[in-house]
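So this block is upload.cif, mmCIF, C-alpha atoms:
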```cif
data_final
#
loop_
_atom_site.group_PDB
_atom_site.id
_atom_site.type_symbol
_atom_site.label_atom_id
_atom_site.label_comp_id
_atom_site.auth_asym_id
_atom_site.auth_seq_id
_atom_site.Cartn_x
_atom_site.Cartn_y
_atom_site.Cartn_z
ATOM 1 C CA MET A 1 -95.116 56.217 161.536
ATOM 2 C CA SER A 2 -94.951 55.467 165.211
ATOM 3 C CA ASP A 3 -93.456 58.049 167.537
ATOM 4 C CA THR A 4 -92.130 55.402 169.891
ATOM 5 C CA ALA A 5 -88.510 54.863 169.038
ATOM 6 C CA ASP A 6 -88.249 51.076 168.860
ATOM 7 C CA GLU A 7 -91.884 49.918 168.800
ATOM 8 C CA ASP A 8 -91.953 48.807 165.141
ATOM 9 C CA VAL A 9 -88.269 47.978 164.666
ATOM 10 C CA PRO A 10 -87.366 44.279 164.408
ATOM 11 C CA ASP A 11 -85.395 43.057 167.446
ATOM 12 C CA GLU A 12 -82.198 42.453 165.448
ATOM 13 C CA LEU A 13 -82.128 46.120 164.376
ATOM 14 C CA ILE A 14 -82.839 47.791 167.731
ATOM 15 C CA GLY A 15 -79.878 49.921 168.704
ATOM 16 C CA HIS A 16 -78.161 49.541 165.327
ATOM 17 C CA ASP A 17 -76.860 53.003 164.339
ATOM 18 C CA HIS A 18 -77.657 52.575 160.660
ATOM 19 C CA ALA A 19 -81.003 50.771 160.818
ATOM 20 C CA ILE A 20 -83.463 52.466 158.489
ATOM 21 C CA GLN A 21 -87.174 52.009 159.013
ATOM 22 C CA LEU A 22 -89.799 52.724 156.355
ATOM 23 C CA SER A 23 -93.525 52.651 156.956
ATOM 24 C CA LEU A 24 -96.416 52.632 154.463
ATOM 25 C CA GLU A 25 -100.038 52.364 155.535
ATOM 26 C CA HIS A 26 -103.070 52.289 153.244
ATOM 27 C CA GLY A 27 -101.010 53.402 150.247
ATOM 28 C CA ASP A 28 -100.250 56.833 151.762
ATOM 29 C CA ARG A 29 -97.643 58.744 149.826
ATOM 30 C CA PRO A 30 -94.905 59.668 150.253
ATOM 31 C CA VAL A 31 -93.541 56.895 152.458
ATOM 32 C CA ASP A 32 -92.248 57.898 155.915
ATOM 33 C CA GLY A 33 -88.780 56.844 156.980
ATOM 34 C CA ARG A 34 -86.524 57.087 160.008
ATOM 35 C CA VAL A 35 -82.845 56.551 160.728
ATOM 36 C CA ARG A 36 -81.540 57.274 164.228
ATOM 37 C CA ASP A 37 -83.244 60.556 165.250
ATOM 38 C CA HIS A 38 -83.843 61.720 161.666
ATOM 39 C CA THR A 39 -87.035 61.431 159.657
ATOM 40 C CA PHE A 40 -87.356 61.557 155.895
ATOM 41 C CA LYS A 41 -89.810 60.868 153.091
ATOM 42 C CA VAL A 42 -89.454 58.563 150.075
ATOM 43 C CA ASP A 43 -91.551 58.568 146.898
ATOM 44 C CA ASP A 44 -92.547 54.924 146.583
ATOM 45 C CA SER A 45 -92.350 55.163 142.802
ATOM 46 C CA GLU A 46 -95.037 53.490 140.775
ATOM 47 C CA THR A 47 -92.997 54.179 137.657
ATOM 48 C CA LEU A 48 -89.579 52.689 138.262
ATOM 49 C CA PRO A 49 -86.871 53.639 138.700
ATOM 50 C CA TYR A 50 -87.217 57.339 139.477
ATOM 51 C CA GLY A 51 -90.534 57.773 141.261
ATOM 52 C CA GLY A 52 -94.006 58.506 140.113
ATOM 53 C CA HIS A 53 -95.404 61.181 142.361
ATOM 54 C CA ASP A 54 -92.537 63.608 142.896
ATOM 55 C CA LEU A 55 -93.688 64.143 146.469
ATOM 56 C CA ALA A 56 -90.236 63.314 147.840
ATOM 57 C CA PRO A 57 -86.923 61.939 146.606
ATOM 58 C CA SER A 58 -87.183 58.390 145.226
ATOM 59 C CA ALA A 59 -85.136 55.448 146.453
ATOM 60 C CA VAL A 60 -82.859 55.922 143.430
ATOM 61 C CA ASP A 61 -82.403 59.585 144.395
ATOM 62 C CA TYR A 62 -81.341 58.544 147.892
ATOM 63 C CA MET A 63 -78.879 56.022 146.463
ATOM 64 C CA VAL A 64 -77.258 58.770 144.378
ATOM 65 C CA ILE A 65 -77.447 61.225 147.306
ATOM 66 C CA GLY A 66 -75.616 58.639 149.414
ATOM 67 C CA LEU A 67 -72.788 58.397 146.893
ATOM 68 C CA ALA A 68 -72.479 62.160 146.351
ATOM 69 C CA GLY A 69 -72.755 62.845 150.076
ATOM 70 C CA CYS A 70 -70.054 60.326 150.903
ATOM 71 C CA GLN A 71 -67.777 61.747 148.208
ATOM 72 C CA LEU A 72 -68.311 65.261 149.596
ATOM 73 C CA ALA A 73 -67.687 64.215 153.198
ATOM 74 C CA VAL A 74 -64.495 62.277 152.453
ATOM 75 C CA LEU A 75 -63.093 64.959 150.158
ATOM 76 C CA SER A 76 -63.783 67.763 152.642
ATOM 77 C CA GLN A 77 -62.107 65.711 155.392
ATOM 78 C CA ALA A 78 -59.080 65.133 153.135
ATOM 79 C CA LEU A 79 -58.801 68.841 152.328
ATOM 80 C CA ARG A 80 -58.967 69.797 156.018
ATOM 81 C CA LYS A 81 -56.404 67.098 156.890
ATOM 82 C CA ALA A 82 -54.138 68.637 154.218
ATOM 83 C CA ARG A 83 -54.514 71.916 156.144
ATOM 84 C CA ILE A 84 -56.645 73.557 153.455
ATOM 85 C CA GLU A 85 -59.429 75.464 155.208
ATOM 86 C CA ASP A 86 -60.428 77.771 152.346
ATOM 87 C CA PHE A 87 -62.180 75.562 149.786
ATOM 88 C CA GLU A 88 -65.461 75.052 147.949
ATOM 89 C CA ILE A 89 -66.740 71.739 146.646
ATOM 90 C CA GLU A 90 -69.470 71.288 144.037
ATOM 91 C CA ILE A 91 -70.670 67.769 143.262
ATOM 92 C CA ALA A 92 -73.184 66.700 140.625
ATOM 93 C CA ALA A 93 -74.237 63.067 140.258
ATOM 94 C CA ILE A 94 -76.389 61.689 137.452
ATOM 95 C CA PRO A 95 -77.575 58.055 137.351
ATOM 96 C CA ASP A 96 -78.109 56.194 134.088
ATOM 97 C CA ALA A 97 -81.155 53.968 134.430
ATOM 98 C CA TRP A 98 -81.296 50.733 132.502
ATOM 99 C CA TRP A 99 -84.159 48.326 132.223
ATOM 100 C CA ARG A 100 -85.547 45.907 129.694
ATOM 101 C CA GLU A 101 -89.103 45.805 128.490
ATOM 102 C CA GLU A 102 -88.580 42.356 126.971
ATOM 103 C CA ILE A 103 -86.696 40.121 129.359
ATOM 104 C CA PRO A 104 -84.565 37.349 127.871
ATOM 105 C CA GLU A 105 -85.122 34.025 129.658
ATOM 106 C CA ASP A 106 -81.435 33.670 130.527
ATOM 107 C CA LEU A 107 -81.171 37.144 132.108
ATOM 108 C CA PRO A 108 -81.044 37.040 135.919
ATOM 109 C CA GLU A 109 -83.895 38.974 137.549
ATOM 110 C CA ASN A 110 -81.424 41.338 139.218
ATOM 111 C CA GLN A 111 -80.377 42.535 135.762
ATOM 112 C CA VAL A 112 -83.852 43.568 134.626
ATOM 113 C CA LYS A 113 -83.997 46.982 136.302
ATOM 114 C CA ARG A 114 -80.942 48.671 137.711
ATOM 115 C CA ILE A 115 -78.730 51.713 137.674
ATOM 116 C CA GLU A 116 -75.908 50.860 135.334
ATOM 117 C CA HIS A 117 -73.670 53.863 135.977
ATOM 118 C CA ILE A 118 -73.542 57.052 138.014
ATOM 119 C CA GLU A 119 -71.599 59.967 136.575
ATOM 120 C CA VAL A 120 -70.107 62.025 139.412
ATOM 121 C CA SER A 121 -68.573 65.417 138.636
ATOM 122 C CA VAL A 122 -66.495 66.985 141.401
ATOM 123 C CA ASP A 123 -65.283 70.579 141.224
ATOM 124 C CA VAL A 124 -62.992 71.909 143.954
ATOM 125 C CA THR A 125 -61.993 75.560 144.241
ATOM 126 C CA VAL A 126 -59.033 76.532 146.417
ATOM 127 C CA PRO A 127 -56.580 79.464 146.559
ATOM 128 C CA GLU A 128 -53.612 78.989 144.211
ATOM 129 C CA GLU A 129 -51.138 78.277 147.039
ATOM 130 C CA TYR A 130 -53.063 75.064 147.900
ATOM 131 C CA GLU A 131 -53.222 73.674 144.357
ATOM 132 C CA SER A 132 -50.756 70.794 144.782
ATOM 133 C CA ARG A 133 -52.183 69.686 148.147
ATOM 134 C CA ALA A 134 -55.744 69.869 146.818
ATOM 135 C CA GLN A 135 -54.777 67.836 143.745
ATOM 136 C CA ARG A 136 -53.286 65.127 145.979
ATOM 137 C CA CYS A 137 -56.589 65.016 147.869
ATOM 138 C CA LEU A 138 -58.513 64.684 144.598
ATOM 139 C CA ASP A 139 -56.218 61.856 143.524
ATOM 140 C CA VAL A 140 -56.951 59.695 146.593
ATOM 141 C CA TYR A 141 -60.207 60.768 148.294
ATOM 142 C CA ASP A 142 -62.412 58.277 146.405
ATOM 143 C CA GLU A 143 -60.616 55.367 148.080
ATOM 144 C CA GLY A 144 -62.071 56.551 151.396
ATOM 145 C CA CYS A 145 -65.679 56.750 150.186
ATOM 146 C CA ILE A 146 -67.380 53.688 151.701
ATOM 147 C CA VAL A 147 -70.418 54.088 149.438
ATOM 148 C CA GLY A 148 -68.375 54.272 146.232
ATOM 149 C CA GLN A 149 -66.144 51.389 147.294
ATOM 150 C CA SER A 150 -69.244 49.352 148.176
ATOM 151 C CA PHE A 151 -70.725 49.973 144.720
ATOM 152 C CA ARG A 152 -67.464 48.890 143.112
ATOM 153 C CA ALA A 153 -67.410 45.699 145.156
ATOM 154 C CA GLY A 154 -70.996 44.847 144.145
ATOM 155 C CA VAL A 155 -72.921 45.333 147.381
ATOM 156 C CA GLU A 156 -75.057 42.338 148.203
ATOM 157 C CA TYR A 157 -78.161 42.441 150.354
ATOM 158 C CA THR A 158 -80.384 39.906 152.029
ATOM 159 C CA PRO A 159 -84.149 40.429 151.983
ATOM 160 C CA ASN A 160 -85.702 38.917 155.117
ATOM 161 C CA THR A 161 -89.478 38.829 154.692
ATOM 162 C CA SER A 162 -92.497 38.076 156.847
ATOM 163 C CA LEU A 163 -96.253 38.155 156.355
ATOM 164 C CA SER A 164 -98.765 39.063 159.055
ATOM 165 C CA LEU A 165 -102.523 38.798 158.911
ATOM 166 C CA LYS A 166 -104.817 41.460 160.312
ATOM 167 C CA GLU A 167 -107.229 40.308 162.956
ATOM 168 C CA ASP A 168 -110.902 41.050 162.341
#
```

Final structure tokens representation of the file:
Amino acid sequence: MSDTADEDVPDELIGHDHAIQLSLEHGDRPVDGRVRDHTFKVDDSETLPYGGHDLAPSAVDYMVIGLAGCQLAVLSQALRKARIEDFEIEIAAIPDAWWREEIPEDLPENQVKRIEHIEVSVDVTVPEEYESRAQRCLDVYDEGCIVGQSFRAGVEYTPNTSLSLKED
């Protein structure tokens, strides 16, 4: 992956706070990624959907991490806004993978391999005097989770592709 910040980033993404860049050369694994000033690795998973090499989290792992991380961030903000400073949050998220080995002709391609459901368990511990305020936070925090709300709304994406030829 290039060390120059914007060298390999398409023009329309330069300066975009949430632009994620992935780079794979010669089949090297795991895949290198960058978002803002952060770098990360992704297992490029030969065996969908969870990854084949276990050299780094898979794309599915990052999707679930995004949901759990958003839930944690929004809930902790809600608890602090409710003036609860003494709290602990434990979140576990488990995706259910679903894919078909035999694909019916009438099944859209986007239904062949996907995560059908993510079970998210949230456990909050607070001192007894904060119970009612903490419960109110638990009752409403999910509405503020942009990742969860995006999943519910059926996030769409647009793949923009290009092909380049190497010069001899």

Fill in: Selection dump of the PyMOL selection byres ((chain A and resi 87) around 7), as a PyMOL selection string
chain A and resi 84-86+88-89+124-126

Discussion item. Give me, as an MDAnalysis selection string, all polymer residues having an atom no more than 12 Å from A:Leu67, counting all atoms listed in the file and skipping those fewer than 6 positions away in the same chain.
Written reply: chainID A and resid 60:61 73:74 91:95 117:122 142 144:152

The PyMOL selection byres ((chain A and resi 127-139) around 7) on the file shown: which residues, as a compact mmCIF listing (two decimals) with C-alpha atoms, in the coordinates of the input?
```
# COMPACT_ATOMS: atom_id res chain seq x y z
CA LEU A 75 -63.09 64.96 150.16
CA ALA A 78 -59.08 65.13 153.14
CA LEU A 79 -58.80 68.84 152.33
CA ALA A 82 -54.14 68.64 154.22
CA ILE A 84 -56.64 73.56 153.46
CA VAL A 126 -59.03 76.53 146.42
CA VAL A 140 -56.95 59.70 146.59
CA TYR A 141 -60.21 60.77 148.29
```

Practice prompt. Have a look at atom CA of A:Asp54 and atom CA of A:Arg29 and let me know their distance in Å, one decimal.
Written response: 9.9 Å

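What the PyMOL selection byres ((chain A and resi 20) around 7) matches in the given file is A:His18, A:Ala19, A:Gln21, A:Leu22, A:Arg34, A:Val35.
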
Practice prompt. Give as a ChimeraX atom specification every residue, naming chains and numbers as the document does, that has an atom within 12 Å of (-91.8, 57.5, 155.9), counting all atoms listed in the file.
Written response: /A:1-3,20-25,27-35,38-44,55-59

Discussion item. I need the residue nearest A:Glu90 from this list: A:Asp123, A:Lys166, A:Tyr62, A:Ser76. Use all atoms listed in the file for the distance.
Written reply: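 The answer is A:Asp123, which sits nearest to A:Glu90.
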
Worksheet entry | Interatomic distance (Å, one decimal) between atom CA of A:Gly154 and atom CA of A:Glu116 | 11.7 Å

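Note that the spacing between atom CA of A:Tyr157 and atom CA of A:Ile115 amounts to 15.7 Å.
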